[in-house]
2 protein chains.
Amino acid sequence: IVKEVAKLLEMKAQLGGDEGKHKFVLKTPKGTRDYSPKQMAIRERVFNVIITCFKRHGAEVIDTPVFELKETLMGKYGEDSKLIYDLKDQGGELLSLRYDLTVPFARYLAMNKITNMKRYHIAKVYRRDNPAMTRGRYREFYQCDFDIAGHFDPMIPDAECLKIVHEILSDLQLGDFLIKVNDRRILDGMFAVCGVPDSKFRMICSSVDKLDKMPWEEVRSEMVGEKGLSPEAADRIGEYVQLHGGLDLIEQLLQDPKLSQNKLAKEGLGDMKLLFEYLTLFGITGKISFDLSLARGLDYYTGVIFEAVLLQQENNHVEEPVSIGSVAGGGRYDGLVGMFDPKGRKVPCVGVSIGIERIFSILEQRLEASEEKIRTTETEVLVASAQKKLLEERLKLLSELWDAGIKAEVLYKKNPKLLNQLQYCEDTGIPLVAIVGEQELKDGVVKLRVVATREEVSVRRESLVEEIRMRMSRP
Amino acid sequence: IVKEVAKLLEMKAQLGGDEGKHKFVLKTPKGTRDYSPKQMAIRERVFNVIITCFKRHGAEVIDTPVFELKETLMGKYGEDSKLIYDLKDQGGELLSLRYDLTVPFARYLAMNKITNMKRYHIAKVYRRDNPAMTRGRYREFYQCDFDIAGHFDPMIPDAECLKIVHEILSDLQLGDFLIKVNDRRILDGMFAVCGVPDSKFRMICSSVDKLDKMPWEEVRSEMVGEKGLSPEAADRIGEYVQLHGGLDLIEQLLQDPKLSQNKLAKEGLGDMKLLFEYLTLFGITGKISFDLSLARGLDYYTGVIFEAVLLQQENNHVEEPVSIGSVAGGGRYDGLVGMFDPKGRKVPCVGVSIGIERIFSILEQRLEASEEKIRTTETEVLVASAQKKLLEERLKLLSELWDAGIKAEVLYKKNPKLLNQLQYCEDTGIPLVAIVGEQELKDGVVKLRVVATREEVSVRRESLVEEIRMRMSRP
C-alpha cells in the first residue's frame, strides 16, 4: 500500500508539474478580442466617417471613466441589469463597468449642472452577454454616441439624430438600409387601448421588442403564457404591430377610433407627424419607416425611438430585402438626467448610438473577399545601403529625415542585404528607398529609388527632404 | 424606556428615509475624472503630436481588451501587483483590468506567434494607487506606448526609443527636460560587487528606485533597517548611485577595478557605450544622462532602462534646475514574451511609455493661465433668420449645407431672436452666419455674415457652399 500511495503521490506531483508549465492560457477573455494593425486600419476609417459627421453637426466631445459607482448604473436598464460587470470589492467604493454611454452622459450632465449640450462620445462599453463574435456581438464593444440635451422646440433635435444616422450609413457605403421609427408614448397608448394593465406595460413592451427575431405567434404565446396577458388583448396588439408606413399611416392612426381617444398615443402621433415633416425637409423619408412593432429594450426611453437595419437583397431580387441586423439605434430619454439630479430637475435628451462592431465585421469580411491591400504603416522612405559598415551613415541620414518630419525607417541590422531591405519595402508598402553608399557619400548625394517602378535617381543630400516631400504629395 | 426606544427607532427611520433621498452620490469613482470638451481639445492636441511621432517612426497600431485573464497579469509586476483591479467573480473566467500596455503586448505577441513588430498603443490603464490628481496621478490614466519587438543588432531599437522621447518632449514644448538612462545589468553587477546577496537584488533595487523622492540617508536606512543589508554594502552602493554623466563616466566605470570584473556590469557598460554612440549620431546626447541611481520599479526589465523628467528653473536661475516629475519611461524587457510562450521562446523587446496625464495637467494649467480661448466644436456656419416662421427654410438650407459637407448648426427653436443666434456664434466661436429672410428667399440669395467683422454680403444660393468653403480655407 505504501508503495502504491507513493506512486500515486508521484503521479500527482507530475500532474502538478505539468499544470505549472501550461498554466498560461493564451487567450483574451471570453467575448473580447484584440485588434490587429489591419483591423485597426479599418476601425480608423470607420471612426473617421463617424467623427466627421458628428463634427459636421457641431458636436463637442467628452470622455468618462470606464467604470462608474455601481449605484450610478443601478435601476437604469431593467431586465438587462444582470449583464453589468461588477468590480471585485477590494475596499472602498463599489464599482461597475459602464453598460452604455448614455447613463454616464446623464450622470455627467447632472453632476456638472449642464442643461444644454450637444456632444459625441466614442468608447468601449461592457455587457456580460452571450457573445456571437462572428456576427459582431462582443462583451467589450465600441459605442459611438451622439446626443442632444436641452429644452428645445419639439422634434428638431430628434430629426437631426435621424439625419445623422442617414448620413453615416450612406457615407459608409454599407448597402441599402432602413430606419424604423416609433414612439414609446404610441406604444403605451396602444397597450392601454388593447387592454394591457398598466403594471404589464414594460413586460409586454419587451415581448414586442423580440418581434425582429421571433414570429408573431411565438411572441403572442410568450405574452399570453409567460406574461399572463389575455388572448384578446394580445390579438389586438397583434393587429397594430403589423402596421408600418409613413405620413399616411400616421394620419390613419390619428383617426383610429380607439388610439385617438388615448392622450399619450395622440401626443406621440402628433409629434411623429411633425418629425416626418422635418424628415421631408431633410429629404430622407425614403429610408424611414414608422413601424409599430419597434419597441427597443432599454427602460429609459420616453418618446421617439428608432433603429436602423441593413437590408440585403436575397435570391436575386425575387423576394423582399431582408434585414441583416441592427447597426444603429436610439431615442428620446427625458427622465434620465432627473434621476441623478438631487432636486429631480429634468434635462430632456435625445440621442443615437452607432453599432460599430457589426459594421466592422461587414467591412472586414468585404476587405478579405476583395484584393485590396491595406497598409498598416505610413512610412514614406526606407534608409538603406548596399554595402557593409554603413550603419552609422544610415542612422545619420535617418535622423535628418525624422527631424525634417519625414516618415522613415531603417532595418535594425548592422549589415543588412539590399535585397532584404527592398523586400521589406514590398512587404510593408514603403514607396521610396534612400540608398547611401561609399560613392554617394563622397559625391554628397543619395540614391532615391521608387519601389514600384525600380526607377533610381541621384539626389543631392541637401535636396533630399524636398524631393521626398514632392514625390509623396503627388496623387 | 419603551418610549425612548420608540423615539430612537423613529429617528433611525427618518435617517434611513433621508439616506434614501440622497442615495445617488454624484461623482466619478475615486481617482478618476471625466474629460470636458475643453480637456478633450487639449488631449487631442497632445495625442496628435505623439501619434504623428510614432507614425514617423513607422509604427503599426494595435488594441487589446481593457481586461485580461487574471493569470495573464499575475507575477509580472512584483510588489505592485497589489494595485491591480480585479473583476468580481460572476461566473466564468477570473478577470483583471490591465495595469499597463506592456504585458498585454507581450501576451499578444506570444498568442499570435509574432516575433517581429513595431507598434504603438494608446489606451487607459488601471492602478488602485493613492491618487494625487492635481499632479496628474490617477487610478484610470492613459498610457501611450511604443515598442519594438524582435531579434536585432544591439542597441539600435533602444536608441530609437530615446530619440522618440526626445522628439515628443521637444514637439510638445513643455520646457527643458532630461532623459536619465541606466541598465538593469549594470545595477545587478553593482549590487553584486557591493556585496548584496543575490536574493536581495530586487528588493534593494526597489529601494534605489526611491532616490528620486527620498534623500540617500532615508534610502540607506530602509536598506539596512527594513531590508537587512549590511551597512558596508549600503555605503558602497551609496558611492555608485551618486554618479551620473556621459561617455566619460561609462569609460571610467569600464576601468573600475570592481565593476569591470563583473560579467553582467561589463556587458551593460559595453552596450551603454554603443547606445551613446548612436545617440551622438542622433544628436541628442545633450539631454541624456547616464545615471546610476535610476532603477525603475517594474520587475520585467532586463537591460537598458530610462526615464524622462521635466526640469524647472527655480529661484531665477540661481540654483540648478529641479525635476518636476517623470513624463516618460521605459526599457528593455527580453524575458516577458517568453513567459507567455508555451515553449518559452523569447522575443526581445524594448519600449517607451509617455506619461500623458502629467503632460495634460501642465498644459491645462498653462492654458488656464493664458488668455487663449479653445474652441470645442468646428462648426463653420450657423443657419439663422431674423424673422419668424422660417424654421422650415432654415432646416432646408441646413440640410443642403450638411449634404455638401459644410459644418453647420441651427438653434433648435421655432422662432429664435437674431441676437440670440449671433450670441451663440460669439460663445462657441462660429465664424459665419447664413441668414435667410423673406426677401432673400424671393431673390434666391442668402445673407452671409462674418461674425468677427460684422461684414455682410449677399450670396446667390447656388454659390453659397463655394463661398463658405473659400472663406474657411483662408488662413
# chains A, B, ... in the order shown; residues from 1 in each chain; ligands from 1
>>> calpha_fit_rmsd(fixed="chain A", moving="chain B")
0.6 Å
>>> interface_residues(of="chain A", to="chain B", cutoff="6 Å", atoms="only C-alpha atoms", output="MDAnalysis selection string")
chainID A and resid 26 29 34:37 56:58 60:64 68:69 86:88 111 152:153 156 281:282 376:377 379 396 399 407:408 412:413
>>> residues_around(residues="A:Glu467", least_positions_apart="5", cutoff="12 Å", atoms="only C-alpha atoms", output="list in words")
Glu380, Val381, Leu401, Ile406, Leu432, Ala434, Val446, Lys447, Leu448, Arg449, Val450, Val457, Ser458, Val459, Arg460, Arg461, Glu462, Met472, Ser473 and Arg474 of chain A
>>> write_last_selection(atoms="C-alpha atoms", output="PDB file, in the first residue's frame")
ATOM      1  CA  GLU A 380       7.481  57.096 -46.780  1.00  0.00           C
ATOM      2  CA  VAL A 381      11.097  56.057 -47.135  1.00  0.00           C
ATOM      3  CA  LEU A 401      14.804  62.752 -42.214  1.00  0.00           C
ATOM      4  CA  ILE A 406       9.706  62.603 -42.999  1.00  0.00           C
ATOM      5  CA  LEU A 432      10.705  55.022 -51.571  1.00  0.00           C
ATOM      6  CA  ALA A 434      17.060  56.262 -49.871  1.00  0.00           C
ATOM      7  CA  VAL A 446      21.735  59.923 -52.048  1.00  0.00           C
ATOM      8  CA  LYS A 447      20.251  57.404 -54.485  1.00  0.00           C
ATOM      9  CA  LEU A 448      16.471  57.597 -54.328  1.00  0.00           C
ATOM     10  CA  ARG A 449      14.670  54.513 -55.597  1.00  0.00           C
ATOM     11  CA  VAL A 450      10.970  54.232 -56.364  1.00  0.00           C
ATOM     12  CA  VAL A 457      17.703  58.950 -59.309  1.00  0.00           C
ATOM     13  CA  SER A 458      20.658  60.667 -57.684  1.00  0.00           C
ATOM     14  CA  VAL A 459      19.515  63.473 -55.395  1.00  0.00           C
ATOM     15  CA  ARG A 460      21.809  65.979 -53.711  1.00  0.00           C
ATOM     16  CA  ARG A 461      21.743  65.360 -49.970  1.00  0.00           C
ATOM     17  CA  GLU A 462      20.523  68.902 -49.220  1.00  0.00           C
ATOM     18  CA  MET A 472       4.810  61.947 -51.566  1.00  0.00           C
ATOM     19  CA  SER A 473       2.378  64.788 -52.235  1.00  0.00           C
ATOM     20  CA  ARG A 474       1.714  63.573 -55.760  1.00  0.00           C
TER      21      ARG A 474
END
>>> select_by_dssp(residues="stretch 164-218 of chain B", states="alpha helix (DSSP H)", output="PyMOL selection string")
chain B and resi 164-171+184-194+201-208+216-218
>>> residues_around(residues="A:Glu232", least_positions_apart="3", cutoff="9 Å", atoms="only C-alpha atoms", output="list in words")
Cys194, Gly195, Leu229, Asp235, Arg236 and Ile237 of chain A
>>> select_by_dssp(residues="stretch 126-346 of chain A", states="strand (DSSP E)", output="JSON, numbers by chain")
{"A": [126, 140, 141, 142, 143, 144, 145, 146, 147, 148, 149, 177, 178, 179, 180, 181, 182, 183, 244, 245, 288, 289, 290, 291, 304, 305, 306, 307, 308, 309, 310, 311, 312, 322, 323, 324, 325, 326, 327, 328, 329, 330, 331, 332]}
>>> residues_around(residues="stretch 176-181 of chain A", least_positions_apart="4", cutoff="6 Å", atoms="only C-alpha atoms", output="ChimeraX atom specification")
/A:287-291,305-311
>>> write_last_selection(atoms="N, CA and C atoms", output="PDB file, in the first residue's frame")
ATOM      1  N   LYS A 287     -36.027  56.387 -46.678  1.00  0.00           N
ATOM      2  CA  LYS A 287     -35.438  55.269 -45.935  1.00  0.00           C
ATOM      3  C   LYS A 287     -35.951  55.196 -44.494  1.00  0.00           C
ATOM      4  N   ILE A 288     -37.073  55.888 -44.235  1.00  0.00           N
ATOM      5  CA  ILE A 288     -37.616  55.896 -42.873  1.00  0.00           C
ATOM      6  C   ILE A 288     -38.966  55.178 -42.868  1.00  0.00           C
ATOM      7  N   SER A 289     -39.192  54.327 -41.894  1.00  0.00           N
ATOM      8  CA  SER A 289     -40.466  53.633 -41.789  1.00  0.00           C
ATOM      9  C   SER A 289     -41.019  53.771 -40.364  1.00  0.00           C
ATOM     10  N   PHE A 290     -42.205  54.352 -40.252  1.00  0.00           N
ATOM     11  CA  PHE A 290     -42.912  54.385 -38.960  1.00  0.00           C
ATOM     12  C   PHE A 290     -43.432  52.978 -38.721  1.00  0.00           C
ATOM     13  N   ASP A 291     -42.934  52.311 -37.688  1.00  0.00           N
ATOM     14  CA  ASP A 291     -43.155  50.878 -37.528  1.00  0.00           C
ATOM     15  C   ASP A 291     -43.628  50.593 -36.110  1.00  0.00           C
ATOM     16  N   ILE A 305     -38.381  56.568 -30.552  1.00  0.00           N
ATOM     17  CA  ILE A 305     -37.322  55.549 -30.565  1.00  0.00           C
ATOM     18  C   ILE A 305     -37.065  55.165 -32.015  1.00  0.00           C
ATOM     19  N   PHE A 306     -35.855  54.736 -32.320  1.00  0.00           N
ATOM     20  CA  PHE A 306     -35.576  54.340 -33.702  1.00  0.00           C
ATOM     21  C   PHE A 306     -34.440  53.324 -33.762  1.00  0.00           C
ATOM     22  N   GLU A 307     -34.363  52.652 -34.884  1.00  0.00           N
ATOM     23  CA  GLU A 307     -33.378  51.602 -35.067  1.00  0.00           C
ATOM     24  C   GLU A 307     -33.129  51.485 -36.565  1.00  0.00           C
ATOM     25  N   ALA A 308     -31.830  51.430 -36.942  1.00  0.00           N
ATOM     26  CA  ALA A 308     -31.507  51.287 -38.363  1.00  0.00           C
ATOM     27  C   ALA A 308     -31.055  49.858 -38.637  1.00  0.00           C
ATOM     28  N   VAL A 309     -31.576  49.270 -39.697  1.00  0.00           N
ATOM     29  CA  VAL A 309     -31.163  47.918 -40.077  1.00  0.00           C
ATOM     30  C   VAL A 309     -30.626  47.934 -41.508  1.00  0.00           C
ATOM     31  N   LEU A 310     -29.613  47.089 -41.739  1.00  0.00           N
ATOM     32  CA  LEU A 310     -29.113  46.924 -43.106  1.00  0.00           C
ATOM     33  C   LEU A 310     -30.003  45.923 -43.822  1.00  0.00           C
ATOM     34  N   LEU A 311     -30.237  46.173 -45.106  1.00  0.00           N
ATOM     35  CA  LEU A 311     -31.095  45.275 -45.880  1.00  0.00           C
ATOM     36  C   LEU A 311     -30.254  44.517 -46.885  1.00  0.00           C
TER      37      LEU A 311
END
>>> closest_residue(among="B:Val46, B:Tyr300, B:Glu368, B:Tyr240", to="B:Gly338", atoms="only C-alpha atoms")
B:Tyr300
>>> atom_distance(atom1="atom CA of B:Asp271", atom2="atom CA of B:Gly331")
13.2 Å
>>> atom_distance(atom1="atom CA of B:Gly351", atom2="atom CA of B:Asp299")
14.7 Å
